[in-house]
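Written below as structure tokens is the structure these notes are about.
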Amino acid sequence: MALCRRALEAGLLLAPGETMGSDAGFRLGFDRDVDTVTGGLRRLGPVLLPDGPPGGGGPSGD
């Protein structure tokens with residue numbers, strides 16, 4: 001649930017797994033155009049890894 005709240009703060013909407021009978025996970029929808037999905041996934045990265053990728057290096061920028 002905390003992850004879904006962080007996603008909401010980033011302008012994303014994730015459905016927590018508990019809304020679908022699971023104690024873990026979340027649901028991700030892809031019912032949009034490619035540019036919208038790509039932009040959403042770019043915003044999701046920092047939500048999933050708020051401290052950056054393991055090993056540092058930062059985002060690749062591509």
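Residue numbers start at 1 in each chain; chains themselves are named A, B, ... in the order of the structure tokens; ligands are numbered from 1 in the order shown.
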
If we count only C-alpha atoms, what is near region 5-22 of chain A at a cut-off of 12 Å, once residues fewer than 4 positions away on the same chain are taken out, given as an mmCIF file with N, CA, C and O atoms, in the first residue's frame?
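Result file is selection-v8.cif:
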```
data_model
loop_
_atom_site.group_PDB
_atom_site.id
_atom_site.type_symbol
_atom_site.label_atom_id
_atom_site.label_comp_id
_atom_site.auth_asym_id
_atom_site.auth_seq_id
_atom_site.Cartn_x
_atom_site.Cartn_y
_atom_site.Cartn_z
ATOM 1 N N MET A 1 0.817 -1.194 0.000
ATOM 2 C CA MET A 1 0.000 0.000 0.000
ATOM 3 C C MET A 1 0.864 1.263 0.000
ATOM 4 O O MET A 1 0.531 2.232 -0.657
ATOM 5 N N PHE A 26 0.964 -5.318 -7.084
ATOM 6 C CA PHE A 26 0.076 -4.250 -7.529
ATOM 7 C C PHE A 26 -0.310 -4.518 -8.968
ATOM 8 O O PHE A 26 0.301 -5.323 -9.651
ATOM 9 N N ARG A 27 -1.340 -3.851 -9.419
ATOM 10 C CA ARG A 27 -1.802 -4.010 -10.791
ATOM 11 C C ARG A 27 -1.407 -2.776 -11.586
ATOM 12 O O ARG A 27 -1.535 -1.649 -11.132
ATOM 13 N N LEU A 28 -0.952 -3.026 -12.780
ATOM 14 C CA LEU A 28 -0.489 -1.985 -13.685
ATOM 15 C C LEU A 28 -1.318 -2.086 -14.962
ATOM 16 O O LEU A 28 -1.451 -3.164 -15.526
ATOM 17 N N GLY A 29 -1.893 -0.974 -15.404
ATOM 18 C CA GLY A 29 -2.697 -0.986 -16.625
ATOM 19 C C GLY A 29 -1.949 -0.360 -17.794
ATOM 20 O O GLY A 29 -1.161 0.567 -17.622
ATOM 21 N N PHE A 30 -2.191 -0.874 -18.983
ATOM 22 C CA PHE A 30 -1.531 -0.372 -20.191
ATOM 23 C C PHE A 30 -2.550 0.011 -21.260
ATOM 24 O O PHE A 30 -2.308 -0.158 -22.439
ATOM 25 N N THR A 36 2.110 7.708 -23.618
ATOM 26 C CA THR A 36 1.604 7.821 -22.256
ATOM 27 C C THR A 36 2.147 6.694 -21.383
ATOM 28 O O THR A 36 2.590 6.922 -20.252
ATOM 29 N N VAL A 37 2.150 5.471 -21.908
ATOM 30 C CA VAL A 37 2.679 4.327 -21.151
ATOM 31 C C VAL A 37 4.171 4.509 -20.887
ATOM 32 O O VAL A 37 4.652 4.307 -19.768
ATOM 33 N N GLY A 39 5.889 7.308 -20.715
ATOM 34 C CA GLY A 39 6.054 8.356 -19.709
ATOM 35 C C GLY A 39 5.719 7.859 -18.309
ATOM 36 O O GLY A 39 6.407 8.177 -17.343
ATOM 37 N N GLY A 40 4.674 7.067 -18.203
ATOM 38 C CA GLY A 40 4.289 6.506 -16.906
ATOM 39 C C GLY A 40 5.353 5.572 -16.358
ATOM 40 O O GLY A 40 5.674 5.605 -15.168
ATOM 41 N N LEU A 41 5.916 4.742 -17.218
ATOM 42 C CA LEU A 41 6.965 3.827 -16.773
ATOM 43 C C LEU A 41 8.213 4.593 -16.337
ATOM 44 O O LEU A 41 8.883 4.205 -15.381
ATOM 45 N N ARG A 42 8.503 5.689 -17.002
ATOM 46 C CA ARG A 42 9.650 6.516 -16.597
ATOM 47 C C ARG A 42 9.430 7.113 -15.210
ATOM 48 O O ARG A 42 10.349 7.229 -14.412
ATOM 49 N N ARG A 43 8.196 7.515 -14.928
ATOM 50 C CA ARG A 43 7.898 8.054 -13.593
ATOM 51 C C ARG A 43 7.824 6.954 -12.546
ATOM 52 O O ARG A 43 8.063 7.205 -11.364
ATOM 53 N N LEU A 44 7.520 5.726 -12.964
ATOM 54 C CA LEU A 44 7.422 4.614 -12.024
ATOM 55 C C LEU A 44 8.791 4.169 -11.522
ATOM 56 O O LEU A 44 8.928 3.764 -10.370
ATOM 57 N N GLY A 45 9.822 4.269 -12.350
ATOM 58 C CA GLY A 45 11.168 3.842 -11.963
ATOM 59 C C GLY A 45 11.625 4.424 -10.632
ATOM 60 O O GLY A 45 11.996 3.687 -9.717
ATOM 61 N N PRO A 46 11.579 5.744 -10.466
ATOM 62 C CA PRO A 46 12.003 6.335 -9.191
ATOM 63 C C PRO A 46 11.107 5.943 -8.013
ATOM 64 O O PRO A 46 11.554 5.950 -6.875
ATOM 65 N N VAL A 47 9.855 5.599 -8.283
ATOM 66 C CA VAL A 47 8.967 5.139 -7.206
ATOM 67 C C VAL A 47 9.420 3.765 -6.732
ATOM 68 O O VAL A 47 9.466 3.495 -5.531
ATOM 69 N N LEU A 48 9.774 2.905 -7.676
ATOM 70 C CA LEU A 48 10.207 1.548 -7.322
ATOM 71 C C LEU A 48 11.602 1.533 -6.718
ATOM 72 O O LEU A 48 11.901 0.732 -5.840
ATOM 73 N N LEU A 49 12.485 2.420 -7.204
ATOM 74 C CA LEU A 49 13.873 2.490 -6.721
ATOM 75 C C LEU A 49 14.186 3.929 -6.320
ATOM 76 O O LEU A 49 14.931 4.631 -7.012
ATOM 77 N N PRO A 50 13.633 4.408 -5.193
ATOM 78 C CA PRO A 50 13.807 5.811 -4.831
ATOM 79 C C PRO A 50 15.263 6.217 -4.594
ATOM 80 O O PRO A 50 15.602 7.387 -4.717
#
```

Quick one: pick out all alpha helix (DSSP H) residues within chain A from a backbone DSSP run and write them as JSON, numbers by chain. {"A": [2, 3, 4, 5, 6, 7, 8, 9, 34, 35, 36, 37, 38, 39, 40, 41, 42, 43, 44, 45, 46, 47, 48]}

List every residue of chain A that DSSP, applied to the backbone, labels as strand (DSSP E), and write the result as a PyMOL selection string. chain A and resi 15-16+26-27

Selection to disk with N, CA, C and O atoms, as a short mmCIF file (atom, residue, chain, number, x, y, z; two decimals), in the first residue's frame:
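Written file, part-v2.cif:
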```cif
data_model
loop_
_atom_site.label_atom_id
_atom_site.label_comp_id
_atom_site.auth_asym_id
_atom_site.auth_seq_id
_atom_site.Cartn_x
_atom_site.Cartn_y
_atom_site.Cartn_z
N ALA A 15 -3.11 -0.13 -8.54
CA ALA A 15 -4.09 -0.81 -7.69
C ALA A 15 -3.33 -1.78 -6.79
O ALA A 15 -2.66 -2.69 -7.28
N PRO A 16 -3.40 -1.61 -5.45
CA PRO A 16 -2.70 -2.52 -4.55
C PRO A 16 -3.22 -3.94 -4.67
O PRO A 16 -4.41 -4.16 -4.92
N PHE A 26 0.96 -5.32 -7.08
CA PHE A 26 0.08 -4.25 -7.53
C PHE A 26 -0.31 -4.52 -8.97
O PHE A 26 0.30 -5.32 -9.65
N ARG A 27 -1.34 -3.85 -9.42
CA ARG A 27 -1.80 -4.01 -10.79
C ARG A 27 -1.41 -2.78 -11.59
O ARG A 27 -1.53 -1.65 -11.13
#
```
